[in-house]
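*Asks:* Pasting model-v9.tsv here (TSV, C-alpha atoms and all ligand atoms):
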```tsv
chain	number	residue	atom	x	y	z
A	1	MET	CA	-34.54	-17.72	79.36
A	2	PRO	CA	-32.15	-20.30	80.82
A	3	LEU	CA	-30.60	-19.51	84.18
A	4	LEU	CA	-26.91	-18.91	84.74
A	5	GLY	CA	-24.96	-20.75	87.42
A	6	VAL	CA	-21.52	-19.26	87.95
A	7	ASN	CA	-18.75	-21.65	88.89
A	8	ILE	CA	-16.30	-19.85	91.18
A	9	ASP	CA	-13.70	-22.64	91.59
A	10	HIS	CA	-10.95	-20.83	89.75
A	11	VAL	CA	-11.05	-17.86	92.08
A	12	ALA	CA	-9.95	-20.40	94.68
A	13	THR	CA	-7.36	-21.74	92.22
A	14	VAL	CA	-5.63	-18.34	92.26
A	15	ARG	CA	-5.74	-18.24	96.06
A	16	GLN	CA	-4.33	-21.76	96.35
A	17	ALA	CA	-1.48	-20.85	93.98
A	18	ARG	CA	-0.03	-18.87	96.89
A	19	GLY	CA	-1.74	-20.59	99.81
A	20	THR	CA	-2.92	-17.26	101.19
A	21	ASP	CA	-6.43	-15.96	101.88
A	22	GLU	CA	-6.99	-13.97	98.68
A	23	PRO	CA	-8.86	-13.85	96.40
A	24	ASP	CA	-11.75	-15.29	98.40
A	25	PRO	CA	-14.26	-17.36	96.37
A	26	VAL	CA	-16.93	-16.38	98.90
A	27	TRP	CA	-16.48	-12.74	97.97
A	28	ALA	CA	-16.57	-13.72	94.29
A	29	ALA	CA	-19.88	-15.52	94.86
A	30	MET	CA	-21.38	-12.37	96.36
A	31	GLU	CA	-20.18	-10.24	93.47
A	32	ALA	CA	-21.56	-12.83	91.03
A	33	GLU	CA	-24.94	-12.63	92.77
A	34	LEU	CA	-24.88	-8.84	92.48
A	35	GLY	CA	-24.14	-9.24	88.77
A	36	GLY	CA	-27.27	-11.36	88.34
A	37	ALA	CA	-26.05	-14.94	88.75
A	38	ASP	CA	-29.02	-17.25	89.27
A	39	GLY	CA	-26.86	-19.81	91.00
A	40	ILE	CA	-23.40	-20.37	92.44
A	41	THR	CA	-21.58	-23.59	91.66
A	42	PHE	CA	-18.50	-24.98	93.37
A	43	HIS	CA	-16.67	-28.28	93.15
A	44	LEU	CA	-15.30	-29.64	96.40
A	45	ARG	CA	-12.75	-32.02	94.94
A	46	GLU	CA	-11.33	-34.97	96.82
A	47	ASP	CA	-7.84	-33.46	96.44
A	48	ARG	CA	-9.07	-29.99	97.59
A	49	ARG	CA	-7.06	-28.37	94.85
A	50	HIS	CA	-9.20	-25.24	94.81
A	51	ILE	CA	-12.35	-25.03	96.94
A	52	GLN	CA	-11.75	-25.88	100.61
A	53	ASP	CA	-14.20	-27.19	103.22
A	54	ARG	CA	-14.22	-23.73	104.82
A	55	ASP	CA	-15.38	-22.18	101.51
A	56	ALA	CA	-18.18	-24.70	101.17
A	57	ARG	CA	-19.41	-23.98	104.70
A	58	ILE	CA	-19.37	-20.19	104.29
A	59	LEU	CA	-20.94	-20.39	100.83
A	60	ARG	CA	-23.80	-22.40	102.34
A	61	GLU	CA	-24.33	-19.67	104.92
A	62	THR	CA	-24.04	-16.69	102.59
A	63	VAL	CA	-25.23	-17.56	99.09
A	64	GLY	CA	-28.79	-16.35	98.55
A	65	VAL	CA	-29.37	-17.89	95.12
A	66	LYS	CA	-29.30	-21.60	94.26
A	67	LEU	CA	-26.17	-23.30	95.58
A	68	ASN	CA	-24.95	-26.20	93.45
A	69	MET	CA	-22.19	-28.47	94.70
A	70	GLU	CA	-20.30	-30.50	92.11
A	71	MET	CA	-18.89	-33.64	93.62
A	72	SER	CA	-17.66	-37.15	93.08
A	73	ILE	CA	-19.47	-40.17	94.49
A	74	ALA	CA	-16.74	-40.87	97.09
A	75	ASP	CA	-18.31	-41.68	100.48
A	76	GLU	CA	-16.39	-38.92	102.28
A	77	ILE	CA	-17.69	-36.27	99.87
A	78	VAL	CA	-21.27	-37.59	99.87
A	79	ASP	CA	-21.25	-37.43	103.70
A	80	LEU	CA	-19.98	-33.83	103.58
A	81	ALA	CA	-22.75	-32.90	101.12
A	82	VAL	CA	-25.38	-34.51	103.34
A	83	GLU	CA	-24.14	-32.36	106.22
A	84	LEU	CA	-23.80	-29.18	104.13
A	85	ARG	CA	-27.17	-29.47	102.39
A	86	PRO	CA	-26.68	-27.42	99.22
A	87	ASP	CA	-29.79	-26.89	97.07
A	88	GLN	CA	-28.42	-29.19	94.40
A	89	CYS	CA	-25.60	-31.70	94.04
A	90	THR	CA	-24.18	-32.47	90.62
A	91	LEU	CA	-22.41	-35.82	90.50
A	92	VAL	CA	-19.33	-35.71	88.28
A	93	PRO	CA	-16.47	-38.09	87.49
A	94	GLU	CA	-13.22	-37.11	89.17
A	95	LYS	CA	-9.67	-38.07	88.28
A	96	ARG	CA	-6.57	-36.77	90.05
A	97	GLU	CA	-4.60	-36.11	86.83
A	98	GLU	CA	-7.25	-34.05	85.05
A	99	LEU	CA	-7.12	-30.26	84.70
A	100	THR	CA	-10.87	-30.00	85.02
A	101	THR	CA	-13.80	-32.40	84.80
A	102	GLU	CA	-13.26	-34.19	81.53
A	103	GLY	CA	-16.32	-35.83	80.05
A	104	GLY	CA	-19.36	-37.11	81.86
A	105	LEU	CA	-20.14	-39.58	84.58
A	106	ASP	CA	-20.71	-43.18	83.46
A	107	VAL	CA	-24.10	-43.68	85.10
A	108	ILE	CA	-24.55	-47.16	83.66
A	109	LYS	CA	-21.23	-48.47	85.00
A	110	HIS	CA	-21.52	-46.94	88.48
A	111	GLN	CA	-25.28	-47.43	88.85
A	112	GLU	CA	-25.25	-49.03	92.30
A	113	ARG	CA	-22.92	-46.53	93.99
A	114	ILE	CA	-24.76	-43.67	92.34
A	115	ALA	CA	-28.14	-44.98	93.53
A	116	ARG	CA	-26.81	-45.10	97.12
A	117	ALA	CA	-25.48	-41.53	96.89
A	118	ILE	CA	-28.76	-40.22	95.41
A	119	GLU	CA	-30.75	-41.90	98.16
A	120	LYS	CA	-28.64	-40.27	100.91
A	121	LEU	CA	-28.82	-36.83	99.30
A	122	LYS	CA	-32.54	-37.03	98.52
A	123	THR	CA	-33.44	-37.79	102.13
A	124	ARG	CA	-31.91	-34.38	102.98
A	125	GLY	CA	-34.10	-32.68	100.35
A	126	ILE	CA	-31.21	-32.10	97.94
A	127	ALA	CA	-31.96	-32.18	94.19
A	128	VAL	CA	-29.44	-34.41	92.43
A	129	SER	CA	-28.16	-33.89	88.90
A	130	ALA	CA	-25.86	-36.05	86.74
A	131	PHE	CA	-23.11	-34.51	84.65
A	132	ILE	CA	-23.18	-36.75	81.60
A	133	GLU	CA	-22.39	-36.78	77.92
A	134	PRO	CA	-25.37	-36.35	75.58
A	135	ILE	CA	-25.74	-40.11	75.01
A	136	THR	CA	-29.25	-41.55	74.96
A	137	ASP	CA	-28.49	-44.61	77.12
A	138	GLN	CA	-26.73	-42.49	79.77
A	139	ILE	CA	-29.67	-40.06	79.90
A	140	ARG	CA	-32.22	-42.87	80.24
A	141	ALA	CA	-30.09	-44.56	82.90
A	142	SER	CA	-29.95	-41.24	84.79
A	143	ALA	CA	-33.73	-41.08	84.88
A	144	ASP	CA	-33.98	-44.74	85.92
A	145	VAL	CA	-31.51	-44.42	88.79
A	146	GLY	CA	-33.39	-41.46	90.29
A	147	PHE	CA	-31.70	-38.25	89.15
A	148	ALA	CA	-33.98	-35.19	88.97
A	149	ALA	CA	-31.79	-33.47	86.39
A	150	VAL	CA	-28.96	-34.01	83.94
A	151	GLU	CA	-26.27	-31.50	83.06
A	152	LEU	CA	-25.21	-32.31	79.51
A	153	TRP	CA	-21.47	-32.03	78.90
A	154	THR	CA	-21.01	-29.36	76.24
A	155	GLY	CA	-17.31	-30.20	75.79
A	156	GLY	CA	-17.99	-31.99	72.49
A	157	TYR	CA	-19.09	-28.61	71.16
A	158	SER	CA	-16.56	-26.39	72.92
A	159	HIS	CA	-13.61	-28.61	71.94
A	160	ALA	CA	-14.74	-29.00	68.30
A	161	THR	CA	-12.16	-27.71	65.84
A	162	THR	CA	-14.11	-28.01	62.58
A	163	LEU	CA	-17.59	-26.90	61.53
A	164	PRO	CA	-18.86	-30.48	60.92
A	165	GLU	CA	-17.62	-31.49	64.40
A	166	SER	CA	-19.33	-28.54	65.95
A	167	ALA	CA	-22.57	-29.21	64.01
A	168	LYS	CA	-22.55	-32.85	65.13
A	169	ALA	CA	-22.00	-31.82	68.74
A	170	ILE	CA	-24.96	-29.44	68.54
A	171	ASP	CA	-27.13	-32.21	67.03
A	172	ASP	CA	-26.08	-34.54	69.87
A	173	LEU	CA	-27.04	-31.89	72.41
A	174	LYS	CA	-30.40	-31.31	70.68
A	175	SER	CA	-31.28	-34.98	70.77
A	176	GLY	CA	-29.93	-35.24	74.34
A	177	ILE	CA	-32.25	-32.44	75.43
A	178	GLY	CA	-35.16	-34.26	73.77
A	179	VAL	CA	-34.41	-37.55	75.51
A	180	GLY	CA	-33.95	-35.75	78.85
A	181	LEU	CA	-37.28	-33.93	78.62
A	182	GLU	CA	-39.09	-37.11	77.48
A	183	ASN	CA	-37.77	-38.76	80.64
A	184	ARG	CA	-39.00	-35.87	82.81
A	185	LEU	CA	-35.54	-34.65	83.66
A	186	GLU	CA	-34.49	-31.03	83.99
A	187	VAL	CA	-31.77	-30.43	81.39
A	188	LEU	CA	-28.79	-28.19	82.13
A	189	GLY	CA	-25.61	-27.67	80.15
A	190	GLY	CA	-22.01	-26.81	80.82
A	191	HIS	CA	-18.30	-27.17	80.20
A	192	GLY	CA	-16.05	-25.01	78.10
A	193	LEU	CA	-18.69	-22.39	77.32
A	194	THR	CA	-17.27	-18.92	76.71
A	195	TYR	CA	-18.42	-15.44	75.70
A	196	ARG	CA	-17.36	-16.31	72.15
A	197	ASN	CA	-18.87	-19.76	71.72
A	198	VAL	CA	-22.00	-19.78	73.90
A	199	ALA	CA	-24.50	-18.21	71.44
A	200	PRO	CA	-25.49	-21.34	69.43
A	201	ILE	CA	-25.86	-23.33	72.67
A	202	ALA	CA	-27.87	-20.57	74.35
A	203	ALA	CA	-30.20	-20.67	71.33
A	204	LEU	CA	-31.14	-24.35	71.82
A	205	ALA	CA	-34.63	-24.82	73.23
A	206	GLY	CA	-34.95	-26.96	76.35
A	207	PHE	CA	-31.92	-26.03	78.44
A	208	CYS	CA	-33.09	-24.64	81.79
A	209	GLU	CA	-29.65	-23.59	83.04
A	210	PHE	CA	-25.99	-23.30	82.13
A	211	ASN	CA	-23.05	-23.67	84.49
A	212	ILE	CA	-20.15	-21.54	83.34
A	213	GLY	CA	-16.90	-21.03	85.21
A	214	HIS	CA	-13.51	-20.54	83.66
A	215	SER	CA	-14.46	-17.96	81.04
A	216	ILE	CA	-16.36	-15.78	83.53
A	217	VAL	CA	-13.60	-15.93	86.14
A	218	ALA	CA	-11.04	-15.10	83.44
A	219	ARG	CA	-12.98	-12.04	82.32
A	220	SER	CA	-13.58	-10.95	85.90
A	221	ILE	CA	-9.85	-10.29	86.26
A	222	TYR	CA	-10.23	-7.39	83.85
A	223	VAL	CA	-13.78	-6.13	84.36
A	224	GLY	CA	-14.72	-7.38	87.82
A	225	MET	CA	-17.02	-10.30	88.63
A	226	LYS	CA	-20.25	-8.30	88.64
A	227	GLN	CA	-19.71	-7.00	85.15
A	228	ALA	CA	-18.40	-10.34	83.84
A	229	VAL	CA	-21.59	-12.06	85.00
A	230	ARG	CA	-23.79	-9.29	83.57
A	231	GLU	CA	-22.11	-9.63	80.19
A	232	MET	CA	-22.72	-13.39	80.11
A	233	LYS	CA	-26.34	-12.90	81.18
A	234	ASP	CA	-26.78	-10.39	78.35
A	235	ILE	CA	-25.53	-12.91	75.78
A	236	LEU	CA	-27.84	-15.61	77.14
A	237	LEU	CA	-30.77	-13.18	76.97
A	238	LEU	CA	-29.91	-12.06	73.45
A	239	HIS	CA	-29.81	-15.61	72.10
A	240	ALA	CA	-32.52	-17.23	74.21
A	241	PRO	CA	-34.93	-19.32	72.09
B	301	LIG	N1	-20.36	-28.00	84.82
B	301	LIG	C1	-19.63	-28.98	85.41
B	301	LIG	C2	-20.34	-30.19	85.89
B	301	LIG	C3	-18.25	-28.85	85.57
B	301	LIG	O1	-17.54	-29.84	86.15
B	301	LIG	C4	-17.62	-27.67	85.15
B	301	LIG	C5	-16.15	-27.49	85.35
B	301	LIG	O2	-15.86	-27.46	86.70
B	301	LIG	C6	-18.42	-26.65	84.60
B	301	LIG	C7	-19.78	-26.87	84.41
B	301	LIG	C8	-17.85	-25.35	84.17
B	301	LIG	O3	-16.98	-25.52	83.14
B	301	LIG	P1	-16.11	-24.32	82.65
B	301	LIG	O4	-15.21	-23.91	83.77
B	301	LIG	O5	-15.39	-24.89	81.49
B	301	LIG	O6	-17.06	-23.21	82.28
```
Just give me the structure as structure tokens.
*Replies:*
Amino acid sequence: MPLLGVNIDHVATVRQARGTDEPDPVWAAMEAELGGADGITFHLREDRRHIQDRDARILRETVGVKLNMEMSIADEIVDLAVELRPDQCTLVPEKREELTTEGGLDVIKHQERIARAIEKLKTRGIAVSAFIEPITDQIRASADVGFAAVELWTGGYSHATTLPESAKAIDDLKSGIGVGLENRLEVLGGHGLTYRNVAPIAALAGFCEFNIGHSIVARSIYVGMKQAVREMKDILLLHAP
């Protein structure tokens, strides 16, 4: 069954809305672990809109499961990651205006900068993953440039508004998984997955892990983080290929 990485950024979003010290994403990470999260994911953005450097440091000290840091390829952030040493870094595109990460990294266009970032991170024993759209050339380029894994952007599926759109997005993901595995990459998935829409994606063979954030944090407001994670794990188990 694929693993579940829980993205706790939006716990920090609520804290930052008031600039106080609650709710603490570090506490949320612990609750997520108790609920069965296989990994904790956070995105230390250049603009520090949610997760702060202090969170990243304490998460590194306290998280017992896999710690995955989403990050841009900006030098400042790569240097912080090298110092922090999470288990995995996921390189993502980052734009100031966006609400959340929109679409995947263009590995072909930014090949040289990406190669330099991977090299720095790898020398610290960090596994490096690329958040990309399920496009054959991008997946092959990710393998060529030295990524160990790709996280396929599931936004094409989660944003689909018609059945044919959704079916096409699932086909793209299926072929993306195939190309990833052929190129000896680990294949993860994430973006916009919710309790309501995750089942057909969870049923696809070849995904080793999903990173899910907003929907779990939203549900945790009502049922608590432990239970919200357990409920997502149950759905993944129920629909696992
Ligand atoms: N994976 C990556 C690489 C992301 O950037 C995000 C959003 O921060 C997620 C997964 C989680 O997306 P969502 O919050 O829509 O579940």
*Asks:* Within 9 Å of His10 (chain A), counting all atoms listed in the file, which residues show up once you throw out same-chain ones fewer than 2 positions away? Write them as a VMD selection string, please.
*Replies:* chain A and resid 7 to 8 12 to 15 25 50 to 51 213 to 214 217 to 218
*Asks:* For region 145-162 of chain A, work out the shell of residues within 9 Å, counting all atoms listed in the file and skipping chain neighbours fewer than 2 positions away, then give it as a VMD selection string.
*Replies:* chain A and resid 90 102 to 104 107 111 to 112 114 to 115 118 to 119 127 to 134 139 to 143 164 to 170 172 to 173 176 to 177 180 184 to 194 197 to 198 201 209 to 211
*Asks:* Just the number, please: distance in Å from CA of Ser72 (chain A) to CA of Pro200 (chain A), one decimal.
*Replies:*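 Here the two named atoms are 29.5 Å from each other.
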*Asks:* So which residues fall inside 7 Å of (-21.0, -30.9, 88.6) if we count all atoms listed in the file? Mind giving them as a ChimeraX atom specification?
*Replies:* /A:43,69-71,90-92,131
*Asks:* Hey, can you check how far CA of Lys233 (chain A) sits from CA of Leu34 (chain A)?
*Replies:*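 Between CA of Lys233 (chain A) and CA of Leu34 (chain A) the gap works out to 12.1 Å.
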